[in-house]
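*Asks:* As input, take run-v2.cif (mmCIF, C-alpha atoms and all ligand atoms):
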```cif
data_entry
#
loop_
_atom_site.label_atom_id
_atom_site.label_comp_id
_atom_site.auth_asym_id
_atom_site.auth_seq_id
_atom_site.Cartn_x
_atom_site.Cartn_y
_atom_site.Cartn_z
CA MET A 60 0.00 0.00 0.00
CA THR A 61 1.04 3.58 -0.53
CA ILE A 62 0.62 5.98 2.38
CA THR A 63 1.85 9.47 3.15
CA VAL A 64 3.94 9.85 6.28
CA ALA A 65 4.88 13.39 7.33
CA GLY A 66 4.23 14.59 3.80
CA VAL A 67 6.30 11.87 2.08
CA GLN A 68 4.77 9.02 0.04
CA LYS A 69 5.93 5.61 1.21
CA GLU A 70 5.30 1.94 0.51
CA TYR A 71 4.38 -0.31 3.41
CA GLU A 72 2.96 -3.82 3.61
CA ASP A 73 -0.80 -4.04 4.09
CA GLY A 74 -2.30 -4.53 7.52
CA ILE A 75 0.16 -2.72 9.79
CA ASN A 76 -1.21 -0.82 12.77
CA VAL A 77 -0.18 2.58 14.12
CA ALA A 78 2.08 1.03 16.78
CA LYS A 79 3.97 -0.90 14.09
CA LEU A 80 4.32 2.19 11.89
CA ILE A 81 5.73 4.13 14.85
CA GLU A 82 8.34 1.39 15.20
CA LEU A 83 9.12 1.20 11.46
CA GLU A 84 9.40 4.97 11.20
CA ASP A 85 11.79 5.03 14.15
CA VAL A 86 9.73 7.72 15.86
CA GLU A 87 11.60 9.65 18.54
CA THR A 88 10.04 9.48 22.04
CA PRO A 89 7.20 7.17 20.84
CA GLU A 90 5.53 7.31 24.28
CA TYR A 91 4.76 11.00 23.79
CA VAL A 92 4.06 11.32 20.06
CA THR A 93 0.67 12.57 18.89
CA VAL A 94 -0.61 10.81 15.76
CA THR A 95 -3.15 11.96 13.22
CA ILE A 96 -4.52 9.99 10.28
CA ASN A 97 -6.33 11.97 7.59
CA ASP A 98 -6.42 14.99 9.93
CA ASP A 99 -8.04 13.13 12.84
CA PHE A 100 -6.39 12.26 16.14
CA VAL A 101 -5.69 8.61 16.87
CA ASP A 102 -6.11 7.98 20.61
CA ARG A 103 -3.00 6.58 22.27
CA GLY A 104 -5.10 3.61 23.44
CA ALA A 105 -6.01 2.83 19.82
CA PHE A 106 -2.47 2.59 18.36
CA GLU A 107 -2.69 -1.24 18.29
CA SER A 108 -6.23 -1.49 17.00
CA THR A 109 -5.95 1.19 14.30
CA ILE A 110 -4.95 -0.42 11.00
CA ILE A 111 -3.46 1.86 8.39
CA ILE A 112 -4.98 1.58 4.95
CA ASP A 113 -3.87 2.47 1.44
CA GLY A 114 -3.99 6.21 0.80
CA ASP A 115 -3.87 7.21 4.48
CA ASN A 116 -2.12 10.44 5.40
CA VAL A 117 -0.25 9.94 8.67
CA GLU A 118 1.38 12.72 10.69
CA PHE A 119 3.50 12.52 13.82
CA LEU A 120 3.43 15.55 16.11
CA TYR A 121 6.21 15.94 18.62
CA PHE A 122 6.63 17.83 21.84
CA MET A 123 9.15 20.59 21.37
CA GLY A 124 9.97 22.32 24.62
CA GLY A 125 12.84 24.67 23.93
CA GLY A 126 12.67 28.35 23.16
CA HIS A 127 14.75 30.20 25.61
CA MET B 821 -3.31 60.89 15.16
CA ALA B 822 -1.33 62.02 12.15
CA PHE B 823 2.08 60.58 11.41
CA THR B 824 5.13 62.73 11.96
CA ASN B 825 7.53 63.13 9.04
CA GLU B 826 9.92 60.87 10.84
CA GLN B 827 7.27 58.17 11.20
CA LEU B 828 6.32 58.47 7.53
CA GLU B 829 9.93 57.79 6.66
CA ARG B 830 10.52 55.11 9.30
CA TYR B 831 7.47 53.10 8.24
CA SER B 832 7.57 53.95 4.51
CA ARG B 833 8.20 50.34 3.44
CA HIS B 834 5.13 49.29 5.43
CA ILE B 835 2.92 52.14 4.32
CA ILE B 836 3.62 51.42 0.65
CA LEU B 837 2.25 47.86 1.06
CA LYS B 838 -1.41 47.73 0.11
CA GLU B 839 -2.02 45.20 2.93
CA VAL B 840 -0.65 47.67 5.48
CA GLY B 841 -0.94 51.28 4.32
CA SER B 842 -1.18 54.14 6.78
CA LYS B 843 -4.28 52.53 8.28
CA GLY B 844 -2.41 49.32 9.05
CA GLN B 845 0.57 51.18 10.44
CA LYS B 846 -1.80 53.07 12.72
CA LYS B 847 -3.24 49.71 13.88
CA LEU B 848 0.26 48.48 14.69
CA LEU B 849 1.06 51.63 16.66
CA ASP B 850 -2.19 51.26 18.60
CA SER B 851 -1.64 47.55 19.33
CA SER B 852 -0.04 45.69 22.20
CA VAL B 853 1.81 42.37 22.29
CA LEU B 854 3.09 40.49 25.33
CA ILE B 855 6.19 38.34 24.90
CA ILE B 856 6.72 35.74 27.61
CA GLY B 857 10.42 34.85 27.67
CA ALA B 858 13.19 37.19 26.46
CA GLY B 859 15.25 34.35 25.03
CA GLY B 860 15.91 32.53 21.75
CA LEU B 861 12.37 33.01 20.45
CA GLY B 862 11.42 36.15 22.35
CA ALA B 863 14.51 38.13 21.32
CA PRO B 864 13.94 38.21 17.55
CA ALA B 865 10.17 38.43 18.01
CA ALA B 866 10.57 41.47 20.27
CA MET B 867 13.01 43.16 17.92
CA TYR B 868 10.83 42.78 14.82
CA LEU B 869 7.72 43.89 16.68
CA ALA B 870 9.56 46.94 18.02
CA ALA B 871 11.00 47.79 14.62
CA SER B 872 7.53 47.37 13.07
CA GLY B 873 6.09 49.97 15.39
CA VAL B 874 3.89 47.80 17.60
CA GLY B 875 3.08 50.57 20.05
CA THR B 876 3.14 48.66 23.32
CA ILE B 877 5.29 45.63 23.94
CA GLY B 878 5.31 43.75 27.23
CA ILE B 879 8.18 41.45 28.07
CA ALA B 880 8.18 38.96 30.95
CA ASP B 881 11.26 37.10 32.15
CA ALA B 882 12.79 36.53 35.57
CA ASP B 883 16.33 35.71 34.43
CA GLU B 884 19.53 37.64 33.99
CA VAL B 885 21.60 37.60 30.82
CA ASP B 886 24.14 34.79 30.83
CA LEU B 887 27.12 34.44 28.49
CA SER B 888 25.67 31.15 27.20
CA ASN B 889 22.54 33.02 26.03
CA LEU B 890 24.34 35.23 23.53
CA GLN B 891 24.76 32.56 20.85
CA ARG B 892 21.03 33.01 20.05
CA GLN B 893 19.40 35.74 22.16
CA ILE B 894 20.31 38.59 19.86
CA ILE B 895 18.47 41.28 21.81
CA HIS B 896 21.22 41.09 24.47
CA SER B 897 24.88 42.04 24.05
CA THR B 898 28.11 41.03 25.74
CA ASN B 899 27.91 44.15 27.93
CA ASP B 900 24.51 43.00 29.21
CA VAL B 901 25.78 39.85 30.92
CA GLY B 902 24.44 39.89 34.47
CA LYS B 903 21.71 42.43 33.68
CA ALA B 904 18.00 41.54 33.98
CA LYS B 905 16.88 40.25 30.59
CA VAL B 906 13.76 42.39 30.59
CA LEU B 907 15.86 45.52 31.13
CA SER B 908 18.39 44.59 28.46
CA ALA B 909 15.53 43.80 26.05
CA LYS B 910 13.80 47.10 26.83
CA GLU B 911 16.98 49.09 26.16
CA THR B 912 17.48 47.40 22.79
CA MET B 913 13.87 47.92 21.71
CA GLU B 914 13.78 51.55 22.80
CA ALA B 915 17.03 52.23 20.97
CA MET B 916 15.57 50.65 17.84
CA ASN B 917 12.33 52.59 17.90
CA PRO B 918 11.34 55.45 20.25
CA ASP B 919 7.67 55.03 19.20
CA VAL B 920 7.45 51.85 21.28
CA THR B 921 6.48 51.72 24.95
CA VAL B 922 8.06 48.69 26.60
CA ASN B 923 6.55 47.28 29.79
CA THR B 924 8.83 44.94 31.72
CA TYR B 925 7.76 42.17 34.07
CA ARG B 926 10.70 40.64 35.88
CA THR B 927 8.91 37.52 37.00
CA PHE B 928 8.26 33.86 36.27
CA VAL B 929 4.78 33.22 34.93
CA SER B 930 2.56 31.22 37.23
CA SER B 931 -1.11 30.61 37.86
CA ASP B 932 -1.00 33.56 40.27
CA ASN B 933 0.11 36.23 37.83
CA ILE B 934 -0.57 35.13 34.25
CA MET B 935 -4.17 36.31 33.95
CA ASP B 936 -3.10 39.75 35.15
CA LEU B 937 -0.14 39.79 32.77
CA ILE B 938 -2.08 38.92 29.62
CA LYS B 939 -5.28 40.85 30.23
CA ASP B 940 -4.28 44.17 28.65
CA TYR B 941 -2.56 42.72 25.56
CA ASP B 942 -3.99 42.05 22.10
CA PHE B 943 -1.73 39.09 21.30
CA ILE B 944 0.62 36.87 23.32
CA ILE B 945 3.87 35.25 22.18
CA ASP B 946 5.04 32.12 23.98
CA GLY B 947 8.83 32.28 23.99
CA THR B 948 9.28 29.97 26.99
CA ASP B 949 11.42 26.86 27.09
CA ASN B 950 9.47 24.41 29.21
CA PHE B 951 6.20 22.52 29.15
CA PRO B 952 4.70 23.76 32.43
CA ALA B 953 4.92 27.34 31.12
CA LYS B 954 3.67 26.38 27.65
CA PHE B 955 0.59 24.63 29.05
CA LEU B 956 -0.01 27.48 31.50
CA ILE B 957 0.11 30.07 28.69
CA ASN B 958 -2.23 27.96 26.57
CA ASP B 959 -4.79 27.45 29.30
CA ALA B 960 -4.68 31.09 30.39
CA CYS B 961 -5.12 32.33 26.81
CA VAL B 962 -8.02 29.92 26.22
CA MET B 963 -9.71 31.04 29.47
CA ALA B 964 -9.09 34.74 28.80
CA LYS B 965 -10.00 34.35 25.09
CA LYS B 966 -6.64 35.74 23.98
CA PRO B 967 -4.90 34.83 20.72
CA PHE B 968 -1.35 33.54 21.04
CA SER B 969 1.53 32.01 19.14
CA HIS B 970 3.03 28.82 20.51
CA ALA B 971 6.50 27.73 19.44
CA GLY B 972 9.30 25.37 20.39
CA ILE B 973 12.87 24.92 19.17
CA ILE B 974 15.47 22.24 19.76
CA ARG B 975 18.67 21.15 18.01
CA PHE B 976 18.03 21.92 14.30
CA LYS B 977 14.24 21.85 14.54
CA GLY B 978 11.47 24.25 15.33
CA GLN B 979 7.69 24.40 15.19
CA LEU B 980 4.86 26.81 15.81
CA MET B 981 1.09 27.14 15.80
CA THR B 982 -1.34 29.99 16.37
CA TYR B 983 -4.40 29.90 18.58
CA VAL B 984 -7.25 32.30 17.99
CA PRO B 985 -10.35 31.75 20.14
CA GLY B 986 -13.05 29.92 18.21
CA GLN B 987 -10.89 29.49 15.12
CA GLY B 988 -9.15 26.18 15.67
CA PRO B 989 -7.48 23.86 18.12
CA CYS B 990 -5.42 24.96 21.11
CA TYR B 991 -2.03 23.55 22.15
CA ARG B 992 -3.70 21.20 24.61
CA CYS B 993 -6.03 19.83 21.89
CA VAL B 994 -2.91 18.47 20.22
CA PHE B 995 -0.58 17.63 23.11
CA LYS B 996 -3.07 16.88 25.95
CA ASN B 997 -0.72 17.01 28.98
CA PRO B 998 2.91 17.91 29.64
CA PRO B 999 5.32 15.00 29.31
CA PRO B 1000 6.91 13.82 32.57
CA LYS B 1001 9.95 15.74 33.78
CA ASP B 1002 13.02 15.04 31.63
CA ALA B 1003 11.13 12.65 29.33
CA VAL B 1004 11.61 15.06 26.41
CA PRO B 1005 14.90 16.95 26.27
CA THR B 1006 15.11 20.73 26.64
CA CYS B 1007 17.44 23.10 24.77
CA LYS B 1008 19.82 23.14 27.68
CA GLN B 1009 20.17 19.36 27.65
CA ALA B 1010 20.06 18.92 23.87
CA GLY B 1011 21.41 22.16 22.39
CA VAL B 1012 19.92 24.39 19.73
CA ILE B 1013 21.40 26.09 16.69
CA GLY B 1014 21.34 29.83 17.37
CA ALA B 1015 19.65 30.93 14.14
CA MET B 1016 16.67 28.64 14.86
CA GLY B 1017 15.31 31.21 17.30
CA GLY B 1018 15.64 33.79 14.53
CA VAL B 1019 13.61 31.70 12.09
CA ILE B 1020 10.83 30.63 14.43
CA GLY B 1021 10.72 33.77 16.62
CA SER B 1022 10.44 35.92 13.48
CA LEU B 1023 7.56 33.74 12.28
CA GLN B 1024 5.85 34.33 15.63
CA ALA B 1025 6.29 38.08 15.16
CA MET B 1026 4.85 37.70 11.64
CA GLU B 1027 1.77 35.94 13.04
CA ALA B 1028 1.26 38.72 15.61
CA ILE B 1029 1.59 41.40 12.91
CA LYS B 1030 -0.85 39.61 10.57
CA TYR B 1031 -3.32 39.16 13.41
CA ILE B 1032 -3.15 42.87 14.28
CA LEU B 1033 -3.51 43.91 10.64
CA GLY B 1034 -6.26 41.35 10.04
CA ILE B 1035 -4.64 40.07 6.86
CA GLY B 1036 -3.85 36.70 5.29
CA ASP B 1037 -4.07 33.22 6.77
CA LEU B 1038 -2.77 32.56 10.25
CA LEU B 1039 -1.38 29.25 11.48
CA THR B 1040 -4.69 28.48 13.16
CA GLY B 1041 -5.54 24.82 12.67
CA TYR B 1042 -1.99 24.05 11.53
CA LEU B 1043 1.35 23.16 13.07
CA LEU B 1044 4.26 24.38 10.96
CA THR B 1045 7.46 22.42 11.46
CA TYR B 1046 10.94 23.37 10.24
CA ASP B 1047 13.89 21.02 9.90
CA ALA B 1048 17.05 22.99 9.12
CA ILE B 1049 19.19 19.93 8.35
CA ASN B 1050 16.89 18.77 5.55
CA MET B 1051 15.83 22.36 4.85
CA GLU B 1052 12.17 21.42 4.98
CA PHE B 1053 9.11 23.27 6.15
CA HIS B 1054 6.05 21.06 6.68
CA LYS B 1055 2.59 22.40 7.41
CA ILE B 1056 0.52 19.82 9.27
CA LYS B 1057 -3.24 20.24 9.20
CA LEU B 1058 -4.62 19.74 12.70
CA PRO B 1059 -7.91 17.99 13.43
CA THR B 1060 -10.94 20.26 13.42
CA TYR B 1061 -12.92 18.10 15.82
CA THR B 1062 -11.69 19.20 19.24
CA HIS B 1063 -14.91 19.28 21.22
CA ASN B 1064 -13.45 16.94 23.85
CA CYS B 1065 -10.38 19.09 24.66
CA ALA B 1066 -9.90 19.40 28.42
CA VAL B 1067 -9.63 23.18 28.28
CA CYS B 1068 -11.20 24.52 25.06
CA GLY B 1069 -13.73 21.73 24.48
CA ASP B 1070 -17.48 21.71 25.03
CA ASN B 1071 -17.27 20.41 28.60
CA PRO B 1072 -13.87 21.51 29.90
CA THR B 1073 -12.47 19.60 32.87
CA ILE B 1074 -9.69 22.16 33.37
CA THR B 1075 -11.34 25.28 34.71
CA GLU B 1076 -8.50 26.50 36.90
CA LEU B 1077 -4.88 27.14 35.96
CA ILE B 1078 -2.35 24.45 36.81
CA ASP B 1079 1.27 24.93 37.92
CA TYR B 1080 2.93 21.77 36.69
CA GLU B 1081 6.20 20.68 38.20
CA GLN B 1082 9.13 21.57 36.00
CA ALA B 1083 12.41 19.87 35.26
CA GLU B 1084 15.01 20.79 37.80
CA CYS B 1085 17.60 23.41 36.86
CA ASP B 1086 15.17 24.93 34.36
CA GLY B 1087 13.61 28.29 35.08
CA VAL B 1088 9.96 28.81 34.19
CA LEU B 1089 11.07 30.98 31.34
ZN ZN C 1101 -8.07 22.70 23.08
#
```
Mind converting the file's structure to structure tokens?
Ligand SMILES: [Zn+2]
*Replies:*
Amino acid sequence: MTITVAGVQKEYEDGINVAKLIELEDVETPEYVTVTINDDFVDRGAFESTIIIDGDNVEFLYFMGGGH
Amino acid sequence: MAFTNEQLERYSRHIILKEVGSKGQKKLLDSSVLIIGAGGLGAPAAMYLAASGVGTIGIADADEVDLSNLQRQIIHSTNDVGKAKVLSAKETMEAMNPDVTVNTYRTFVSSDNIMDLIKDYDFIIDGTDNFPAKFLINDACVMAKKPFSHAGIIRFKGQLMTYVPGQGPCYRCVFKNPPPKDAVPTCKQAGVIGAMGGVIGSLQAMEAIKYILGIGDLLTGYLLTYDAINMEFHKIKLPTYTHNCAVCGDNPTITELIDYEQAECDGVL
């Protein structure tokens, strides 16, 4: 399947869930990442049960604390 | 109020823009912006707002200028080391533009003072470096119905979003709760490239200016991320359904401000 991850088109095998994609994408601080699929939030509790499908647009949003 | 000849010359590059004009410049001179944190983000934001002729600028910070600040906090100079940041920032802004009135607040923001600090300002800029302050600013601005620009910078990355009441998600809609202490590194622990504050802080100033002028599209409903290494900007559309947010949702569970515990050795600002 072809999905878009952080604005980049990528090929992944069918049937992977959000938790698996987080692992495959080597997401930094996975415990604290916010995930959206097609501009909707995916609840942290639903990372295992949410299967990504062809054409999905996935975004990872990270805490960024600095500024001073 | 008519412009003086000096003002006509000072703001000529603004006044010639059809989106600004003399009307827009008047709006800027009549407006007020509060910058919380006179650091990496707050320094360039403050300088561009002052240069632009934003008539009243508030700056809140409890710290003194440290030599390790000068790699990015361009509003302070070597001679300012040891001086209160708000004072050093005020001197720089007043030297840049005598039209600007600078109000200084030498304090940490907390649940006790933030409502008072923000109440008289049209727009707020979050230039803080820690999550307790970022969540506090968000919640206070939601409760007081104040627009604000959130931003964060670390290493070679930065991001920002704009909250305008009723026009999109707040910071808490996206990030829910602060991460535990030290779970996510701060600038001090991880480092930050100095010019990152210039990029992101200037974008925050741009958002404030556009809000005041009432022009263009703000970063409401979007998170803009910048990766300097790959030289990529990425604009992430945020969910529009945020009715269950704990602070800006339909049935908020957070109705009082919270002082979260912060990582040790980090100031609130
Ligand atoms: Zn919210």
*Asks:* Ranking B:Tyr983, B:Tyr1042, B:Tyr925, B:Phe943 by minimum distance to chain A and counting only C-alpha atoms, which one comes first?
*Replies:*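 So, comparing all the options, the nearest one is B:Tyr1042.
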*Asks:* 10 Å from ligand ZN 1101 (chain C) is the threshold here; counting only C-alpha atoms and all ligand atoms, which polymer residues fall inside it? Answer as an mmCIF file with C-alpha atoms, in the frame of the given file.
*Replies:*
```cif
data_model
loop_
_atom_site.group_PDB
_atom_site.id
_atom_site.type_symbol
_atom_site.label_atom_id
_atom_site.label_comp_id
_atom_site.auth_asym_id
_atom_site.auth_seq_id
_atom_site.Cartn_x
_atom_site.Cartn_y
_atom_site.Cartn_z
ATOM 1 C CA ASN B 958 -2.230 27.960 26.570
ATOM 2 C CA ASP B 959 -4.790 27.450 29.300
ATOM 3 C CA VAL B 962 -8.020 29.920 26.220
ATOM 4 C CA TYR B 983 -4.400 29.900 18.580
ATOM 5 C CA PRO B 985 -10.350 31.750 20.140
ATOM 6 C CA GLY B 988 -9.150 26.180 15.670
ATOM 7 C CA PRO B 989 -7.480 23.860 18.120
ATOM 8 C CA CYS B 990 -5.420 24.960 21.110
ATOM 9 C CA TYR B 991 -2.030 23.550 22.150
ATOM 10 C CA ARG B 992 -3.700 21.200 24.610
ATOM 11 C CA CYS B 993 -6.030 19.830 21.890
ATOM 12 C CA VAL B 994 -2.910 18.470 20.220
ATOM 13 C CA PHE B 995 -0.580 17.630 23.110
ATOM 14 C CA LYS B 996 -3.070 16.880 25.950
ATOM 15 C CA TYR B 1061 -12.920 18.100 15.820
ATOM 16 C CA THR B 1062 -11.690 19.200 19.240
ATOM 17 C CA HIS B 1063 -14.910 19.280 21.220
ATOM 18 C CA ASN B 1064 -13.450 16.940 23.850
ATOM 19 C CA CYS B 1065 -10.380 19.090 24.660
ATOM 20 C CA ALA B 1066 -9.900 19.400 28.420
ATOM 21 C CA VAL B 1067 -9.630 23.180 28.280
ATOM 22 C CA CYS B 1068 -11.200 24.520 25.060
ATOM 23 C CA GLY B 1069 -13.730 21.730 24.480
ATOM 24 C CA ASP B 1070 -17.480 21.710 25.030
ATOM 25 C CA PRO B 1072 -13.870 21.510 29.900
#
```
*Asks:* Can you build me a table of chain B residues sitting at most 7 Å from chain A, with the closest atom pair per residue and its distance in Å to one decimal, using all atoms listed in the file, sorted by chain and residue number, as JSON lines?
*Replies:*
```
{"residue": "B:Gly857", "atom": "CA", "partner": "A:His127", "partner_atom": "CA", "distance": 6.7}
{"residue": "B:Gly859", "atom": "CA", "partner": "A:His127", "partner_atom": "CA", "distance": 4.2}
{"residue": "B:Gly860", "atom": "CA", "partner": "A:His127", "partner_atom": "CA", "distance": 4.7}
{"residue": "B:Leu861", "atom": "CA", "partner": "A:Gly126", "partner_atom": "CA", "distance": 5.4}
{"residue": "B:Gly947", "atom": "CA", "partner": "A:Gly126", "partner_atom": "CA", "distance": 5.6}
{"residue": "B:Thr948", "atom": "CA", "partner": "A:Gly126", "partner_atom": "CA", "distance": 5.4}
{"residue": "B:Asp949", "atom": "CA", "partner": "A:Gly125", "partner_atom": "CA", "distance": 4.1}
{"residue": "B:Asn950", "atom": "CA", "partner": "A:Gly124", "partner_atom": "CA", "distance": 5.1}
{"residue": "B:Phe951", "atom": "CA", "partner": "A:Gly124", "partner_atom": "CA", "distance": 5.9}
{"residue": "B:Gly972", "atom": "CA", "partner": "A:Met123", "partner_atom": "CA", "distance": 4.9}
{"residue": "B:Ile973", "atom": "CA", "partner": "A:Gly125", "partner_atom": "CA", "distance": 4.8}
{"residue": "B:Ile974", "atom": "CA", "partner": "A:Gly125", "partner_atom": "CA", "distance": 5.5}
{"residue": "B:Phe995", "atom": "CA", "partner": "A:Thr93", "partner_atom": "CA", "distance": 6.7}
{"residue": "B:Pro999", "atom": "CA", "partner": "A:Tyr91", "partner_atom": "CA", "distance": 6.8}
{"residue": "B:Thr1006", "atom": "CA", "partner": "A:Gly125", "partner_atom": "CA", "distance": 5.3}
{"residue": "B:Cys1007", "atom": "CA", "partner": "A:Gly125", "partner_atom": "CA", "distance": 4.9}
{"residue": "B:Lys1057", "atom": "CA", "partner": "A:Asp98", "partner_atom": "CA", "distance": 6.2}
{"residue": "B:Leu1058", "atom": "CA", "partner": "A:Asp98", "partner_atom": "CA", "distance": 5.8}
{"residue": "B:Pro1059", "atom": "CA", "partner": "A:Asp98", "partner_atom": "CA", "distance": 4.8}
{"residue": "B:Leu1089", "atom": "CA", "partner": "A:His127", "partner_atom": "CA", "distance": 6.9}
```
*Asks:* Could you state the separation of CA of Ala909 (chain B) and CA of Thr921 (chain B) in Å, given to one decimal place?
*Replies:*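 Atom-to-atom, CA of Ala909 (chain B) to CA of Thr921 (chain B), that is 12.1 Å.
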*Asks:* Leaving out Asp940 (chain B) and any residue of its chain fewer than 3 positions from it, which residues lie within 10 Å of it when counting all atoms listed in the file, given as JSON, numbers by chain?
*Replies:* {"B": [852, 853, 854, 878, 935, 936, 937, 943, 966]}
*Asks:* Neighbouring residues of region 103-114 of chain A were defined as those with any atom within 8 Å, considering only C-alpha atoms; residues of the same chain fewer than 6 positions away were excluded. Please report them as a ChimeraX atom specification.
*Replies:* /A:60-63,73-79,93
*Asks:* Between B:Ala880, B:Gly978, B:Asp919, B:Glu911, which is the closest to Gly1021 (chain B) once you count only C-alpha atoms?
*Replies:* B:Gly978
*Asks:* List as a list in words the protein and nucleic acid residues near Pro952 (chain B), meaning an atom at most 7 Å away when all atoms listed in the file are counted, but skip any in the same chain fewer than 6 places from it.
*Replies:* Pro998, Asp1079, Tyr1080, Glu1081 and Gln1082 of chain B
*Asks:* Which residues are near region 834-849 of chain B? Cut-off 10 Å, all atoms listed in the file, ignore same chain within fewer than 5 positions. Put them as a PyMOL selection string.
*Replies:* chain B and resi 821-823+827-829+869-870+872-876+919-921+1028-1030+1032-1036
*Asks:* Record the distance separating CA of Asp900 (chain B) and CA of Arg975 (chain B), expressed in Å with one decimal.
*Replies:*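 So the two atoms, CA of Asp900 (chain B) and CA of Arg975 (chain B), lie 25.2 Å apart.
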